[in-house]
Amino acid sequence: MYRRRVLPGFGLSLGYTLAYLGLIVLLPLAALALKASGLGLSQLLQLLSSPRTLAALRLSFGGALIAAVFNVLVGLLVAWVMVRYRFPGRRLLDALIDLPFALPTAVAGIALTAIYAPNGWLGQWLVPLGIQIAYTPLGVLLAMAFVGFPFVVRTVQPVLEAMDRDVEEAAASLGATRLQTFTRVILPMLMPALLTGFALALARAVGEYGSVIFIAGNIPMRSEIAPLLIVEKIEQEYAGAAALGVVMLCFSFVLLIVIAQLQRWSGRWAERST
Amino acid sequence: MRKIPFVLGVLATLAVASAHAKDVSLLNVSYDPTRELYRDINQAFASQWQSQHGDKIIIEMSHGGSGKQSRSVAEGLPADVVTLALAYDIDVLADRHLLSQDWQQRLPDNASPYTSTIVFLVRKGNPKGIRDWPDLIKPGLQVITPNPKTSGGARWNYLAAWGYALKQPGGDEAKARDFVRALYKNVPVLDTGARGSTNTFAQRGIGDVLLAWENEALLVQKQLGKDKFEIVTPSISILAEPPVAVVDSNADKHGTRAVAEAYLKFLYSPEGQALGAKNFYRPRAADVAAKYPGLFPPLKTFTVNELFGDWRKAQAKFFNDGGEFDRIHLER
């Protein structure tokens with residue numbers, strides 16, 4: 001069983017990893033769960049079944065899913081353009097993609113609101129057409145799409161770069177149509193990276209607070225996200241806020257596990273088909 | 001052994017020196033829109049204290065939402081004094097035994113050295129003709145006010161509307177509930193704090209009227225120009241009493257009780273009252289208020305204690321989970 005490794009240090013590095021994860025990730029989560037346990041089961045059920053909580057969770061998770069799907073489509077396109085084509089200003093554009101990471105989220109929220117508010121640059125043209133973005137659920141989607149955008153581009157880009165063009169040429173010479181080459185050859189190879197990007201964008205959007213509250217309007221039952229509901233609960237008692245936080249974590253955890261599983265399947269599928 | 005007298009001498013010198021020119025530092029934990037006010041107050045108080053006692057005082061400030069600030073102090077932020085937006089946020093600290101339960105009787109006027117009230121800020125020329133509370137529930141009108149669950153200041157807005165309806169001839173709970181519900185149905189954006197609402201109204205151009213503290217409304221007018229906004233003072237409104245208190249356990253620990261108490265008393269002095277008025281808070285002292293004719297138009301006011309008992313009761317009835325405010329949106 002025991003195989004000598006070229007580099008030593010398995011025990012030390014694993015111990016370090018576990019201690020670090022425990023301190024930085026698990027300990028705060030445990031504290032959260034402990035706080036949440038201050039709430040009785042009946043109170044918890046009451047909190048979770050209240051229409052307001054349900055509406056907020058629906059907006060946060062539903063919005064994040066839509067924003068992540070949108071980011072996968074646009075992110076794939078942008079990554080494709082960045083990798084496959086050469087044009088002036090490409091490097092500059094490439095650097096711009098990371099900006100949503102670097103921007104403080106409140107700044108992003110204020111900027112988006114300023115643009116899409118009825119008196120903003122775009123809002124003044126859109127609102128007369130009946131398209132209201134700021135202070136509606138659409139605004140929530142926009143902010144979520146904004147903060148999650150770089151993830152898909154950055155996960156897909158390296159895979160696309162490493163991809164051999166020979167396989168496309170082989171597919172074409174074997175008589176595959178362009179669509180077939182894309183869907184049967186390229187897409188399976190990109191699938192794991194796309195799913196990673198999707199998962200990251202989703203997770204980011206679910207937890208996003210800073211940028212969303214500026215553009216959402218925050219009306220209960222309509223444009224109120226779950227993280228805002230948590231902030232409201234903190235004003236009164238930690239237990240309710242912590243419980244809602246735990247529920248969001250559980251939801252996210254299940255979603256991420258499902259995505260990881262999908263990723264494994266798609267990885268196997270890609271291996272088989274090549 | 002010969003060193004001992006020398007060490008004692010050094011210590012004695014240090015003790016004398018420190019007794020002479022003490023640097024006292026004081027932490028005032030306050031809510032958001034008092035930045036300008038306490039900048040003035042701190043400067044004036046520090047120079048007065050230094051000329052009277054010779055000690056140099058450094059007053060540090062912490063600003064934020066009133067509820068959040070109260071929580072920070074409860075969890076260990078070492079505030080010597082708190083100057084918050086509503087009494088409930090200090091009651092919470094008294095429940096944690098950080099100061100005595102009778103804190104609001106230790107200083108005059110409910111421990112609120114200055115007051116304000118809730119007024120309407122409208123766009124220039126008052127295009128929607130808003131004069132008084134009933135105009136706010138007209139269908140199609142847009143009212144901007146923050147979320148009272150996250151903003152202490154916004155709770156005064158809410159109670160002002162409720163109190164107005166209650167005070168009308170034949171007014172009762174049911175009518176007040178209907179009035180407040182109709183008003184909040186006209187709110188298109190609920191920001192988390194008062195400054196957020198001010199920005200939504202003034203910068204983003206959303207809404208026909210902003211419910212605001214009078215001092216905030218006057219500040220907006222001063223900063224953005226009288227040619228853009230007008231203040232409408234309603235016939236009756238709430239007397240907003242932002243309270244102040246020494247945090248006993250912290251002040252005793254830091255040995256700053258005497259300074260902290262003098263600091264809060266200074267707010268009641270003629271100089272402190274004048275600085276309050278300069279920063280658009282209504283001074284308690286009538287002679288000081290008289291020096292600012294036209295700035296604070298007279299209006300009928302009611303207090304939280306008159307209509308709702310006290311802040312604890314108001315908080316439980318209106319703003320806790322499942323309270324009156326939560327029910328507005330559930331019954332849409």
# chains A, B, ... in the order shown; residues from 1 in each chain; ligands from 1
>>> interface_residues(of="chain B", to="chain A", cutoff="12 Å", atoms="only C-alpha atoms", output="ChimeraX atom specification")
/B:65-72,88-89,92,144-152,184-193,195-197,199-207,315-316,319-323,325-332
>>> residues_around(residues="range 30-40 of chain A", least_positions_apart="6", cutoff="9 Å", atoms="only C-alpha atoms", output="PyMOL selection string")
chain A and resi 238-246
>>> select_by_dssp(residues="range 83-297 of chain B", states="strand (DSSP E)", output="number ranges by chain")
B: 83, 114-123, 143-144, 209-213, 229-232, 236-240, 244-246, 282-283
>>> atom_distance(atom1="CA of Ile137 in chain B", atom2="CA of Ile238 in chain B")
18.2 Å
>>> select_by_dssp(residues="range 90-210 of chain B", states="helix (DSSP H, G or I)", output="MDAnalysis selection string")
chainID B and resid 90:95 103:105 108:111 133:137 152:167 173:185 194:202
>>> residues_around(residues="Gly62 in chain A", least_positions_apart="5", cutoff="12 Å", atoms="only C-alpha atoms", output="mmCIF file with N, CA, C and O atoms, in the first residue's frame")
data_model
loop_
_atom_site.group_PDB
_atom_site.id
_atom_site.type_symbol
_atom_site.label_atom_id
_atom_site.label_comp_id
_atom_site.auth_asym_id
_atom_site.auth_seq_id
_atom_site.Cartn_x
_atom_site.Cartn_y
_atom_site.Cartn_z
ATOM 1 N N LEU A 54 -40.234 32.808 2.163
ATOM 2 C CA LEU A 54 -40.275 32.029 0.928
ATOM 3 C C LEU A 54 -40.040 32.922 -0.282
ATOM 4 O O LEU A 54 -39.285 32.565 -1.189
ATOM 5 N N ALA A 55 -40.680 34.084 -0.275
ATOM 6 C CA ALA A 55 -40.512 34.998 -1.408
ATOM 7 C C ALA A 55 -39.052 35.434 -1.540
ATOM 8 O O ALA A 55 -38.499 35.487 -2.638
ATOM 9 N N ALA A 56 -38.417 35.707 -0.383
ATOM 10 C CA ALA A 56 -37.025 36.173 -0.422
ATOM 11 C C ALA A 56 -36.099 35.059 -0.906
ATOM 12 O O ALA A 56 -35.206 35.286 -1.719
ATOM 13 N N LEU A 57 -36.333 33.826 -0.409
ATOM 14 C CA LEU A 57 -35.488 32.705 -0.834
ATOM 15 C C LEU A 57 -35.676 32.435 -2.322
ATOM 16 O O LEU A 57 -34.725 32.159 -3.051
ATOM 17 N N ALA A 67 -29.256 34.209 -13.316
ATOM 18 C CA ALA A 67 -28.050 35.007 -13.588
ATOM 19 C C ALA A 67 -26.883 34.097 -13.959
ATOM 20 O O ALA A 67 -26.096 34.420 -14.849
ATOM 21 N N ALA A 68 -26.781 32.924 -13.305
ATOM 22 C CA ALA A 68 -25.669 32.013 -13.588
ATOM 23 C C ALA A 68 -25.807 31.410 -14.990
ATOM 24 O O ALA A 68 -24.824 31.280 -15.718
ATOM 25 N N VAL A 69 -27.041 31.057 -15.374
ATOM 26 C CA VAL A 69 -27.266 30.529 -16.726
ATOM 27 C C VAL A 69 -26.886 31.584 -17.759
ATOM 28 O O VAL A 69 -26.164 31.311 -18.733
ATOM 29 N N PRO A 137 -37.269 43.356 -9.576
ATOM 30 C CA PRO A 137 -36.498 42.106 -9.547
ATOM 31 C C PRO A 137 -35.512 42.013 -10.710
ATOM 32 O O PRO A 137 -34.463 41.371 -10.588
ATOM 33 N N LEU A 138 -35.819 42.658 -11.811
ATOM 34 C CA LEU A 138 -34.893 42.670 -12.945
ATOM 35 C C LEU A 138 -33.556 43.295 -12.546
ATOM 36 O O LEU A 138 -32.491 42.858 -12.991
ATOM 37 N N VAL A 140 -32.271 43.147 -9.597
ATOM 38 C CA VAL A 140 -31.580 42.135 -8.796
ATOM 39 C C VAL A 140 -30.799 41.208 -9.727
ATOM 40 O O VAL A 140 -29.620 40.916 -9.499
ATOM 41 N N LEU A 141 -31.466 40.749 -10.803
ATOM 42 C CA LEU A 141 -30.807 39.871 -11.777
ATOM 43 C C LEU A 141 -29.585 40.539 -12.378
ATOM 44 O O LEU A 141 -28.530 39.924 -12.525
ATOM 45 N N MET A 144 -26.732 40.591 -9.952
ATOM 46 C CA MET A 144 -26.204 39.231 -9.768
ATOM 47 C C MET A 144 -25.393 38.801 -10.981
ATOM 48 O O MET A 144 -24.338 38.162 -10.845
ATOM 49 N N LEU A 202 -23.078 31.066 -9.458
ATOM 50 C CA LEU A 202 -24.308 30.849 -8.688
ATOM 51 C C LEU A 202 -24.082 31.150 -7.213
ATOM 52 O O LEU A 202 -24.840 31.905 -6.586
ATOM 53 N N ALA A 203 -23.005 30.580 -6.668
ATOM 54 C CA ALA A 203 -22.732 30.753 -5.243
ATOM 55 C C ALA A 203 -22.524 32.233 -4.919
ATOM 56 O O ALA A 203 -23.019 32.746 -3.910
ATOM 57 N N ALA A 205 -23.729 34.808 -6.514
ATOM 58 C CA ALA A 205 -24.971 35.573 -6.656
ATOM 59 C C ALA A 205 -25.929 35.307 -5.505
ATOM 60 O O ALA A 205 -26.624 36.214 -5.039
ATOM 61 N N VAL A 206 -25.947 34.071 -5.014
ATOM 62 C CA VAL A 206 -26.850 33.755 -3.905
ATOM 63 C C VAL A 206 -26.499 34.600 -2.683
ATOM 64 O O VAL A 206 -27.366 35.127 -2.005
ATOM 65 N N ILE A 225 -34.240 40.437 -1.158
ATOM 66 C CA ILE A 225 -33.432 39.220 -1.228
ATOM 67 C C ILE A 225 -33.241 38.636 0.171
ATOM 68 O O ILE A 225 -33.360 39.341 1.170
ATOM 69 N N ALA A 226 -32.934 37.345 0.214
ATOM 70 C CA ALA A 226 -32.796 36.655 1.504
ATOM 71 C C ALA A 226 -31.700 37.261 2.391
ATOM 72 O O ALA A 226 -31.912 37.408 3.598
ATOM 73 N N PHE A 251 -29.101 24.966 1.385
ATOM 74 C CA PHE A 251 -29.549 25.050 -0.011
ATOM 75 C C PHE A 251 -28.349 25.106 -0.951
ATOM 76 O O PHE A 251 -28.256 24.339 -1.905
ATOM 77 N N SER A 252 -27.432 26.017 -0.645
ATOM 78 C CA SER A 252 -26.278 26.210 -1.515
ATOM 79 C C SER A 252 -25.436 24.947 -1.566
ATOM 80 O O SER A 252 -24.945 24.548 -2.621
#
>>> residues_around(residues="Asp164 in chain A", least_positions_apart="4", cutoff="12 Å", atoms="only C-alpha atoms", output="list of chain:residue names")
A:Arg84, A:Val159, A:Leu160, A:Glu168, A:Glu169, A:Ala170, A:Ala171, A:Val185, A:Ile186, A:Met189
>>> closest_residue(among="B:Asp310, B:Asp109, B:Asp32, B:Asp208", to="Gln142 in chain B", atoms="only C-alpha atoms")
B:Asp208
>>> residues_around(residues="range 252-260 of chain B", least_positions_apart="5", cutoff="7 Å", atoms="only C-alpha atoms", output="mmCIF file with all heavy atoms, in the first residue's frame")
data_model
loop_
_atom_site.group_PDB
_atom_site.id
_atom_site.type_symbol
_atom_site.label_atom_id
_atom_site.label_comp_id
_atom_site.auth_asym_id
_atom_site.auth_seq_id
_atom_site.Cartn_x
_atom_site.Cartn_y
_atom_site.Cartn_z
ATOM 1 N N ASP B 80 -17.627 55.206 25.670
ATOM 2 C CA ASP B 80 -17.838 55.906 26.933
ATOM 3 C C ASP B 80 -19.210 56.560 26.945
ATOM 4 O O ASP B 80 -19.899 56.578 27.956
ATOM 5 C CB ASP B 80 -16.757 56.971 27.125
ATOM 6 C CG ASP B 80 -15.376 56.354 27.178
ATOM 7 O OD1 ASP B 80 -15.033 55.764 28.214
ATOM 8 O OD2 ASP B 80 -14.647 56.440 26.156
ATOM 9 N N VAL B 81 -19.610 57.121 25.800
ATOM 10 C CA VAL B 81 -20.960 57.663 25.695
ATOM 11 C C VAL B 81 -21.584 57.145 24.400
ATOM 12 O O VAL B 81 -20.901 56.859 23.426
ATOM 13 C CB VAL B 81 -20.982 59.219 25.674
ATOM 14 C CG1 VAL B 81 -20.409 59.780 26.949
ATOM 15 C CG2 VAL B 81 -20.237 59.749 24.470
ATOM 16 N N VAL B 246 -24.238 58.162 29.243
ATOM 17 C CA VAL B 246 -22.922 57.645 29.579
ATOM 18 C C VAL B 246 -23.059 56.136 29.762
ATOM 19 O O VAL B 246 -23.997 55.673 30.408
ATOM 20 C CB VAL B 246 -22.404 58.273 30.898
ATOM 21 C CG1 VAL B 246 -21.103 57.613 31.323
ATOM 22 C CG2 VAL B 246 -22.218 59.767 30.730
#
>>> residues_around(residues="range 269-280 of chain B", least_positions_apart="4", cutoff="12 Å", atoms="only C-alpha atoms", output="ChimeraX atom specification")
/B:33-45,48,108,112-117,213-222,262-265,284-296
>>> decode(residues="range 257-269 of chain A", atoms="all heavy atoms", output="PDB file, in the first residue's frame")
ATOM      1  N   ILE A 257     -23.276  20.347  -4.487  1.00  0.00           N
ATOM      2  CA  ILE A 257     -23.034  18.904  -4.597  1.00  0.00           C
ATOM      3  C   ILE A 257     -23.612  18.382  -5.906  1.00  0.00           C
ATOM      4  O   ILE A 257     -22.974  17.612  -6.633  1.00  0.00           O
ATOM      5  CB  ILE A 257     -23.652  18.156  -3.391  1.00  0.00           C
ATOM      6  CG1 ILE A 257     -22.795  18.403  -2.151  1.00  0.00           C
ATOM      7  CG2 ILE A 257     -23.726  16.659  -3.677  1.00  0.00           C
ATOM      8  CD1 ILE A 257     -23.329  17.739  -0.908  1.00  0.00           C
ATOM      9  N   VAL A 258     -24.831  18.827  -6.224  1.00  0.00           N
ATOM     10  CA  VAL A 258     -25.455  18.402  -7.474  1.00  0.00           C
ATOM     11  C   VAL A 258     -24.581  18.809  -8.656  1.00  0.00           C
ATOM     12  O   VAL A 258     -24.327  18.014  -9.576  1.00  0.00           O
ATOM     13  CB  VAL A 258     -26.860  19.019  -7.605  1.00  0.00           C
ATOM     14  CG1 VAL A 258     -27.403  18.790  -9.010  1.00  0.00           C
ATOM     15  CG2 VAL A 258     -27.801  18.422  -6.569  1.00  0.00           C
ATOM     16  N   ILE A 259     -24.068  20.020  -8.607  1.00  0.00           N
ATOM     17  CA  ILE A 259     -23.240  20.494  -9.718  1.00  0.00           C
ATOM     18  C   ILE A 259     -21.948  19.681  -9.805  1.00  0.00           C
ATOM     19  O   ILE A 259     -21.513  19.302 -10.888  1.00  0.00           O
ATOM     20  CB  ILE A 259     -22.939  21.996  -9.551  1.00  0.00           C
ATOM     21  CG1 ILE A 259     -24.227  22.787  -9.731  1.00  0.00           C
ATOM     22  CG2 ILE A 259     -21.900  22.450 -10.571  1.00  0.00           C
ATOM     23  CD1 ILE A 259     -24.126  24.220  -9.309  1.00  0.00           C
ATOM     24  N   ALA A 260     -21.354  19.367  -8.631  1.00  0.00           N
ATOM     25  CA  ALA A 260     -20.123  18.576  -8.636  1.00  0.00           C
ATOM     26  C   ALA A 260     -20.373  17.209  -9.262  1.00  0.00           C
ATOM     27  O   ALA A 260     -19.543  16.676 -10.013  1.00  0.00           O
ATOM     28  CB  ALA A 260     -19.601  18.422  -7.216  1.00  0.00           C
ATOM     29  N   GLN A 261     -21.539  16.636  -8.953  1.00  0.00           N
ATOM     30  CA  GLN A 261     -21.887  15.331  -9.507  1.00  0.00           C
ATOM     31  C   GLN A 261     -22.044  15.427 -11.029  1.00  0.00           C
ATOM     32  O   GLN A 261     -21.519  14.611 -11.773  1.00  0.00           O
ATOM     33  CB  GLN A 261     -23.192  14.844  -8.850  1.00  0.00           C
ATOM     34  CG  GLN A 261     -23.526  13.394  -9.144  1.00  0.00           C
ATOM     35  CD  GLN A 261     -22.413  12.444  -8.686  1.00  0.00           C
ATOM     36  OE1 GLN A 261     -21.852  12.585  -7.607  1.00  0.00           O
ATOM     37  NE2 GLN A 261     -22.061  11.482  -9.541  1.00  0.00           N
ATOM     38  N   LEU A 262     -22.758  16.443 -11.461  1.00  0.00           N
ATOM     39  CA  LEU A 262     -22.932  16.674 -12.907  1.00  0.00           C
ATOM     40  C   LEU A 262     -21.577  16.775 -13.586  1.00  0.00           C
ATOM     41  O   LEU A 262     -21.354  16.227 -14.669  1.00  0.00           O
ATOM     42  CB  LEU A 262     -23.686  17.979 -13.139  1.00  0.00           C
ATOM     43  CG  LEU A 262     -25.204  17.946 -12.977  1.00  0.00           C
ATOM     44  CD1 LEU A 262     -25.773  19.338 -13.186  1.00  0.00           C
ATOM     45  CD2 LEU A 262     -25.797  16.982 -13.998  1.00  0.00           C
ATOM     46  N   GLN A 263     -20.676  17.448 -12.884  1.00  0.00           N
ATOM     47  CA  GLN A 263     -19.348  17.672 -13.434  1.00  0.00           C
ATOM     48  C   GLN A 263     -18.626  16.346 -13.617  1.00  0.00           C
ATOM     49  O   GLN A 263     -17.981  16.115 -14.636  1.00  0.00           O
ATOM     50  CB  GLN A 263     -18.572  18.517 -12.429  1.00  0.00           C
ATOM     51  CG  GLN A 263     -17.677  19.502 -13.060  1.00  0.00           C
ATOM     52  CD  GLN A 263     -17.226  20.497 -12.012  1.00  0.00           C
ATOM     53  OE1 GLN A 263     -17.549  20.369 -10.839  1.00  0.00           O
ATOM     54  NE2 GLN A 263     -16.507  21.479 -12.426  1.00  0.00           N
ATOM     55  N   ARG A 264     -18.763  15.459 -12.617  1.00  0.00           N
ATOM     56  CA  ARG A 264     -18.100  14.179 -12.711  1.00  0.00           C
ATOM     57  C   ARG A 264     -18.643  13.401 -13.914  1.00  0.00           C
ATOM     58  O   ARG A 264     -17.907  12.839 -14.694  1.00  0.00           O
ATOM     59  CB  ARG A 264     -18.294  13.396 -11.417  1.00  0.00           C
ATOM     60  CG  ARG A 264     -17.254  12.310 -11.277  1.00  0.00           C
ATOM     61  CD  ARG A 264     -17.217  11.729  -9.867  1.00  0.00           C
ATOM     62  NE  ARG A 264     -17.248  12.711  -8.818  1.00  0.00           N
ATOM     63  CZ  ARG A 264     -17.787  12.469  -7.607  1.00  0.00           C
ATOM     64  NH1 ARG A 264     -18.363  11.298  -7.359  1.00  0.00           N
ATOM     65  NH2 ARG A 264     -17.753  13.381  -6.672  1.00  0.00           N
ATOM     66  N   TRP A 265     -19.976  13.400 -14.051  1.00  0.00           N
ATOM     67  CA  TRP A 265     -20.582  12.695 -15.178  1.00  0.00           C
ATOM     68  C   TRP A 265     -20.085  13.248 -16.507  1.00  0.00           C
ATOM     69  O   TRP A 265     -19.697  12.522 -17.398  1.00  0.00           O
ATOM     70  CB  TRP A 265     -22.104  12.803 -15.122  1.00  0.00           C
ATOM     71  CG  TRP A 265     -22.712  11.909 -14.097  1.00  0.00           C
ATOM     72  CD1 TRP A 265     -22.163  10.774 -13.565  1.00  0.00           C
ATOM     73  CD2 TRP A 265     -23.980  12.082 -13.463  1.00  0.00           C
ATOM     74  NE1 TRP A 265     -23.009  10.219 -12.640  1.00  0.00           N
ATOM     75  CE2 TRP A 265     -24.144  11.006 -12.545  1.00  0.00           C
ATOM     76  CE3 TRP A 265     -24.995  13.032 -13.563  1.00  0.00           C
ATOM     77  CZ2 TRP A 265     -25.263  10.855 -11.766  1.00  0.00           C
ATOM     78  CZ3 TRP A 265     -26.123  12.877 -12.793  1.00  0.00           C
ATOM     79  CH2 TRP A 265     -26.251  11.807 -11.884  1.00  0.00           C
ATOM     80  N   SER A 266     -20.115  14.567 -16.594  1.00  0.00           N
ATOM     81  CA  SER A 266     -19.743  15.172 -17.874  1.00  0.00           C
ATOM     82  C   SER A 266     -18.270  14.918 -18.166  1.00  0.00           C
ATOM     83  O   SER A 266     -17.880  14.724 -19.304  1.00  0.00           O
ATOM     84  CB  SER A 266     -20.039  16.669 -17.863  1.00  0.00           C
ATOM     85  OG  SER A 266     -19.141  17.328 -17.018  1.00  0.00           O
ATOM     86  N   GLY A 267     -17.436  14.843 -17.113  1.00  0.00           N
ATOM     87  CA  GLY A 267     -16.019  14.550 -17.295  1.00  0.00           C
ATOM     88  C   GLY A 267     -15.843  13.164 -17.885  1.00  0.00           C
ATOM     89  O   GLY A 267     -15.110  12.970 -18.847  1.00  0.00           O
ATOM     90  N   ARG A 268     -16.576  12.198 -17.302  1.00  0.00           N
ATOM     91  CA  ARG A 268     -16.491  10.820 -17.795  1.00  0.00           C
ATOM     92  C   ARG A 268     -16.963  10.732 -19.234  1.00  0.00           C
ATOM     93  O   ARG A 268     -16.372  10.079 -20.077  1.00  0.00           O
ATOM     94  CB  ARG A 268     -17.347   9.909 -16.917  1.00  0.00           C
ATOM     95  CG  ARG A 268     -16.509   9.163 -15.901  1.00  0.00           C
ATOM     96  CD  ARG A 268     -17.363   8.153 -15.173  1.00  0.00           C
ATOM     97  NE  ARG A 268     -17.504   8.536 -13.789  1.00  0.00           N
ATOM     98  CZ  ARG A 268     -18.595   8.300 -13.062  1.00  0.00           C
ATOM     99  NH1 ARG A 268     -19.646   7.751 -13.627  1.00  0.00           N
ATOM    100  NH2 ARG A 268     -18.628   8.647 -11.812  1.00  0.00           N
ATOM    101  N   TRP A 269     -18.060  11.428 -19.478  1.00  0.00           N
ATOM    102  CA  TRP A 269     -18.653  11.402 -20.810  1.00  0.00           C
ATOM    103  C   TRP A 269     -17.676  11.947 -21.854  1.00  0.00           C
ATOM    104  O   TRP A 269     -17.491  11.373 -22.918  1.00  0.00           O
ATOM    105  CB  TRP A 269     -19.941  12.231 -20.799  1.00  0.00           C
ATOM    106  CG  TRP A 269     -20.810  11.957 -21.976  1.00  0.00           C
ATOM    107  CD1 TRP A 269     -21.420  10.792 -22.296  1.00  0.00           C
ATOM    108  CD2 TRP A 269     -21.158  12.899 -22.988  1.00  0.00           C
ATOM    109  NE1 TRP A 269     -22.131  10.918 -23.436  1.00  0.00           N
ATOM    110  CE2 TRP A 269     -22.001  12.203 -23.895  1.00  0.00           C
ATOM    111  CE3 TRP A 269     -20.849  14.240 -23.223  1.00  0.00           C
ATOM    112  CZ2 TRP A 269     -22.530  12.831 -25.017  1.00  0.00           C
ATOM    113  CZ3 TRP A 269     -21.389  14.852 -24.336  1.00  0.00           C
ATOM    114  CH2 TRP A 269     -22.220  14.149 -25.225  1.00  0.00           C
TER     115      TRP A 269
END
